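Dumped target.txt below, it's compact mmCIF, C-alpha atoms:
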# COMPACT_ATOMS: atom_id res chain seq x y z
CA ASP A 1 -14.50 99.92 -31.37
CA ALA A 2 -17.56 97.71 -31.74
CA LEU A 3 -16.53 95.58 -28.79
CA LEU A 4 -15.05 98.10 -26.36
CA ALA A 5 -17.42 101.00 -27.06
CA GLY A 6 -20.52 98.96 -27.85
CA PRO A 7 -23.32 97.90 -25.51
CA GLU A 8 -22.38 96.12 -22.31
CA SER A 9 -24.46 93.13 -23.39
CA GLY A 10 -21.92 92.37 -26.12
CA LEU A 11 -18.98 92.06 -23.74
CA SER A 12 -17.56 88.82 -22.39
CA GLU A 13 -14.25 87.68 -20.95
CA GLU A 14 -13.73 85.36 -23.92
CA GLU A 15 -14.22 88.09 -26.54
CA LEU A 16 -12.00 90.56 -24.70
CA ARG A 17 -9.27 87.93 -24.28
CA LEU A 18 -9.37 87.12 -27.99
CA LEU A 19 -8.85 90.81 -28.75
CA ALA A 20 -5.93 91.06 -26.31
CA ARG A 21 -4.35 87.90 -27.75
CA ALA A 22 -4.64 89.27 -31.29
CA PHE A 23 -2.73 92.42 -30.38
CA LEU A 24 -0.11 90.45 -28.44
CA ALA A 25 0.40 88.19 -31.46
CA LEU A 26 1.08 91.30 -33.57
CA PHE A 27 3.48 92.59 -30.94
CA ARG A 28 5.46 89.35 -30.98
CA MET A 29 5.73 89.55 -34.78
CA ASP A 30 7.13 93.10 -34.83
CA PRO A 31 7.43 95.09 -31.57
CA GLY A 32 8.92 98.12 -33.32
CA ALA A 33 6.03 98.42 -35.75
CA CYS A 34 3.50 98.04 -32.94
CA LEU A 35 5.19 100.75 -30.86
CA GLY A 36 5.72 103.14 -33.78
CA TYR A 37 2.81 102.81 -36.20
CA PRO A 38 0.03 103.86 -33.76
CA ARG A 39 1.95 107.11 -33.15
CA LEU A 40 2.13 107.87 -36.87
CA ALA A 41 -1.38 106.71 -37.78
CA PRO A 42 -3.54 106.90 -34.64
CA LEU A 43 -7.04 105.50 -34.59
CA ALA A 44 -9.87 107.97 -35.13
CA ARG A 45 -11.17 107.42 -31.61
CA PRO A 46 -8.63 108.83 -29.10
CA SER A 47 -9.60 106.55 -26.21
CA LEU A 48 -9.05 103.44 -28.33
CA SER A 49 -5.77 104.74 -29.73
CA HIS A 50 -4.56 105.45 -26.19
CA SER A 51 -5.53 102.01 -24.93
CA LEU A 52 -3.68 100.36 -27.81
CA ASN A 53 -0.53 102.39 -27.15
CA VAL A 54 -0.71 101.49 -23.46
CA LEU A 55 -1.16 97.80 -24.32
CA PHE A 56 2.01 97.69 -26.42
CA ILE A 57 4.10 99.65 -23.90
CA SER A 58 2.83 97.43 -21.08
CA ALA A 59 3.63 94.28 -23.07
CA LEU A 60 7.18 95.55 -23.66
CA LEU A 61 7.73 96.23 -19.96
CA ALA A 62 6.12 92.98 -18.79
CA HIS A 63 8.29 90.97 -21.17
CA HIS A 64 11.47 92.47 -19.71
CA LEU A 65 10.19 91.86 -16.18
CA ASP A 66 9.83 88.14 -16.99
CA PHE A 67 6.05 87.99 -16.77
CA SER A 68 4.55 84.69 -17.87
CA GLU A 69 2.41 84.57 -21.02
CA ALA A 70 -0.71 84.33 -18.86
CA GLN A 71 0.34 87.39 -16.84
CA ILE A 72 1.08 89.39 -20.00
CA GLU A 73 -2.31 88.44 -21.44
CA SER A 74 -4.10 89.62 -18.28
CA LEU A 75 -2.14 92.88 -18.38
CA ALA A 76 -2.96 93.40 -22.09
CA ALA A 77 -6.65 92.84 -21.39
CA ALA A 78 -6.44 95.35 -18.53
CA ALA A 79 -4.85 97.95 -20.83
CA LEU A 80 -7.70 97.54 -23.31
CA THR A 81 -10.42 97.84 -20.67
CA MET A 82 -9.04 100.21 -18.02
CA ASN A 83 -11.28 103.08 -19.22
CA ILE A 84 -14.17 101.00 -20.50
CA ALA A 85 -16.75 102.42 -18.08
CA ASN A 86 -16.65 105.95 -19.56
CA MET A 87 -14.86 105.97 -22.90
CA PRO A 88 -16.95 108.87 -24.34
CA LEU A 89 -15.64 111.15 -21.57
CA HIS A 90 -12.06 110.01 -22.20
CA ASP A 91 -12.57 110.84 -25.89
CA ARG A 92 -13.72 114.35 -24.99
CA LEU A 93 -10.62 114.96 -22.88
CA TYR A 94 -8.63 114.97 -26.12
CA VAL A 95 -10.81 117.38 -28.08
CA SER A 96 -12.71 119.73 -25.76
CA GLN A 97 -12.94 121.10 -22.26
CA VAL A 98 -14.94 119.12 -19.71
CA SER A 99 -16.65 120.34 -16.56
CA GLN A 100 -15.14 120.12 -13.09
CA ASP A 101 -17.92 117.72 -12.07
CA GLU A 102 -16.94 115.40 -14.93
CA LEU A 103 -13.28 115.59 -13.94
CA ASP A 104 -14.20 114.77 -10.35
CA GLY A 105 -16.25 111.83 -11.62
CA LEU A 106 -13.16 110.38 -13.29
CA ARG A 107 -11.83 109.43 -9.87
CA THR A 108 -14.25 106.51 -9.80
CA HIS A 109 -13.54 105.22 -13.31
CA PRO A 110 -11.03 102.51 -12.28
CA SER A 111 -13.52 100.91 -9.88
CA ASP A 112 -16.41 101.54 -12.31
CA ALA A 113 -14.48 99.71 -15.05
CA ALA A 114 -13.59 96.78 -12.77
CA ASN A 115 -17.22 96.51 -11.62
CA LEU A 116 -18.44 96.55 -15.24
CA LEU A 117 -16.00 93.77 -16.15
CA GLU A 118 -17.19 91.68 -13.21
CA ARG A 119 -20.81 92.17 -14.35
CA VAL A 120 -20.01 90.77 -17.80
CA GLY A 121 -18.29 87.72 -16.35
CA VAL A 122 -14.59 88.55 -16.02
CA THR A 123 -13.17 86.47 -13.18
CA ASP A 124 -9.40 86.95 -13.73
CA SER A 125 -8.29 88.58 -10.46
CA ALA A 126 -5.02 89.92 -11.94
CA TRP A 127 -6.91 91.64 -14.77
CA LEU A 128 -9.51 93.14 -12.43
CA GLU A 129 -6.85 94.21 -9.91
CA SER A 130 -4.80 96.00 -12.59
CA VAL A 131 -7.85 97.89 -13.84
CA ARG A 132 -8.93 98.86 -10.33
CA GLN A 133 -5.44 100.03 -9.29
CA HIS A 134 -4.11 101.70 -12.46
CA HIS A 135 -4.48 105.20 -10.97
CA GLU A 136 -3.04 104.39 -7.55
CA ASN A 137 0.14 106.36 -6.80
CA MET A 138 3.25 105.09 -5.06
CA ASP A 139 2.96 107.87 -2.45
CA GLY A 140 -0.66 107.03 -1.63
CA SER A 141 -2.15 110.09 -3.33
CA GLY A 142 -3.94 108.16 -6.09
CA TYR A 143 -7.45 106.77 -6.42
CA PRO A 144 -9.85 105.10 -5.86
CA ASP A 145 -8.43 103.46 -2.69
CA SER A 146 -5.33 105.55 -1.84
CA ARG A 147 -3.04 102.52 -1.97
CA SER A 148 0.72 103.03 -1.80
CA GLY A 149 3.97 101.20 -2.55
CA ALA A 150 3.75 97.42 -2.34
CA GLN A 151 -0.02 97.63 -1.82
CA ILE A 152 -0.21 98.25 -5.58
CA SER A 153 0.31 95.19 -7.77
CA LEU A 154 3.33 95.13 -10.08
CA ALA A 155 1.02 94.81 -13.10
CA ALA A 156 -0.93 97.90 -12.04
CA ARG A 157 2.33 99.84 -11.58
CA ILE A 158 3.37 98.89 -15.13
CA LEU A 159 -0.03 99.96 -16.43
CA HIS A 160 0.21 103.28 -14.59
CA VAL A 161 3.63 104.13 -16.05
CA ALA A 162 2.47 103.19 -19.55
CA ASP A 163 -0.77 105.15 -19.13
CA VAL A 164 0.98 108.35 -17.98
CA TYR A 165 3.70 108.14 -20.64
CA CYS A 166 1.22 107.56 -23.47
CA ALA A 167 -1.01 110.39 -22.26
CA LYS A 168 1.97 112.76 -22.36
CA ILE A 169 3.01 111.94 -25.95
CA ASN A 170 -0.54 112.42 -27.27
CA ALA A 171 -2.24 115.77 -27.79
CA ARG A 172 -5.00 117.14 -25.61
CA TYR A 173 -7.33 119.95 -26.59
CA TYR A 174 -5.24 122.43 -24.60
CA ARG A 175 -1.75 121.32 -25.73
CA PRO A 176 0.12 119.61 -28.57
CA PRO A 177 1.72 116.18 -28.00
CA LYS A 178 4.89 116.23 -25.93
CA SER A 179 8.13 114.79 -27.24
CA PRO A 180 9.34 111.57 -25.56
CA ARG A 181 12.17 113.63 -24.01
CA SER A 182 9.66 116.03 -22.42
CA ALA A 183 7.43 113.16 -21.34
CA PHE A 184 10.29 111.43 -19.53
CA LYS A 185 11.28 114.70 -17.86
CA GLU A 186 7.80 114.81 -16.34
CA LEU A 187 7.84 111.13 -15.38
CA PHE A 188 11.06 111.74 -13.44
CA GLY A 189 10.00 115.22 -12.33
CA ASN A 190 6.43 116.12 -11.39
CA PHE A 191 5.26 112.50 -11.45
CA ARG A 192 8.25 110.96 -9.69
CA ALA A 193 6.43 110.36 -6.40
CA HIS A 194 3.44 108.87 -8.20
CA LEU A 195 5.14 106.22 -10.32
CA ASP A 196 7.36 103.22 -9.74
CA SER A 197 10.71 104.78 -10.67
CA GLN A 198 12.28 101.42 -11.52
CA ILE A 199 9.58 100.73 -14.11
CA ALA A 200 9.87 104.25 -15.52
CA THR A 201 13.65 103.77 -15.79
CA LEU A 202 13.15 100.43 -17.55
CA LEU A 203 10.84 102.13 -20.07
CA LEU A 204 13.45 104.81 -20.77
CA ARG A 205 16.15 102.18 -21.25
CA ARG A 206 14.01 100.06 -23.57
CA ILE A 207 12.67 102.76 -25.91
CA GLY A 208 15.05 105.70 -25.36
CA LEU A 209 14.39 109.31 -26.25
CA TYR A 210 13.76 108.47 -29.91
CA PRO A 211 11.34 105.52 -29.74
CA PRO A 212 9.83 103.78 -32.77
CA GLY A 213 7.62 106.21 -34.67
CA THR A 214 9.91 109.20 -34.07
CA LEU A 215 10.60 111.28 -37.17
CA LEU A 216 14.23 112.35 -37.44
CA ARG A 217 16.10 114.70 -39.73
CA LEU A 218 19.27 112.91 -40.84

Could I get this structure in the form of structure tokens?
Amino acid sequence: DALLAGPESGLSEEELRLLARAFLALFRMDPGACLGYPRLAPLARPSLSHSLNVLFISALLAHHLDFSEAQIESLAAAALTMNIANMPLHDRLYVSQVSQDELDGLRTHPSDAANLLERVGVTDSAWLESVRQHHENMDGSGYPDSRSGAQISLAARILHVADVYCAKINARYYRPPKSPRSAFKELFGNFRAHLDSQIATLLLRRIGLYPPGTLLRL
């Protein structure tokens, strides 16, 4: 919280990488705990909790797509910082209604975040590209640059699937959290044209309809 939501002057590529590496080290120790515990005991700040969930889901997918350690680290750093330019607004999306002007302003947050990271010295092109493209849709209807298909990097497509899935299984002010089953129905339904279907299918195969953190009656 102090690093990601603090003043811009406190940010640096080195500090952000150290944070990403720390979470990846935890993930390597116990993937199931990392995927499940944040669902059962989310952080107080919704935007941070969401970023952490996205990081672990992205790491899981990248591992099964044979990403190198360096590529996984860049992707983890992107998951942590994809919303860094306007985290207070992302927090409010979970607890209260926001104005239409604020919602419209969200369309620039991927490029705003990438520009902020460049200002504080981030030079990793894969990291910056993933942040800038994480709301681009496969059918070209996304933002900020209306990219489509292969114009979107594989890392950004992973981040997008993880971002949408994690948003669905967390509550918003206007709805309770969706079950993983309902979330996947939307990923393969309303969001099918927006997401890389192969990555969404991989996520379903790896975590199933009862992922870690699911409470079951036996």

Counting only C-alpha atoms, what is within 8 Å of His90 in chain A, bar same-chain residues fewer than 6 positions away, as a list in words? Pro46, Ser47 and Asn83 of chain A

Using all atoms listed in the file, can you tell me which of A:Met82, A:Ala62, A:Ile207, A:Ala114 comes closest to Leu48 in chain A? A:Met82

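Distances from A:Leu218, A:Glu69, A:Asp163, A:Gln100 to Leu52 in chain A were compared using only C-alpha atoms, and the smallest one belongs to A:Asp163.
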
Quick one: of A:Asp124, A:Asp196, A:Glu186, A:Glu136, who's nearest to Thr108 in chain A, counting all atoms listed in the file? A:Glu136

Please identify all polymer residues within 12 Å of Ala70 in chain A, counting only C-alpha atoms, omitting same-chain residues fewer than 4 positions from it, and present them as a PyMOL selection string. chain A and resi 17+20-21+24+59+62-63+66+74-77+124+126-127
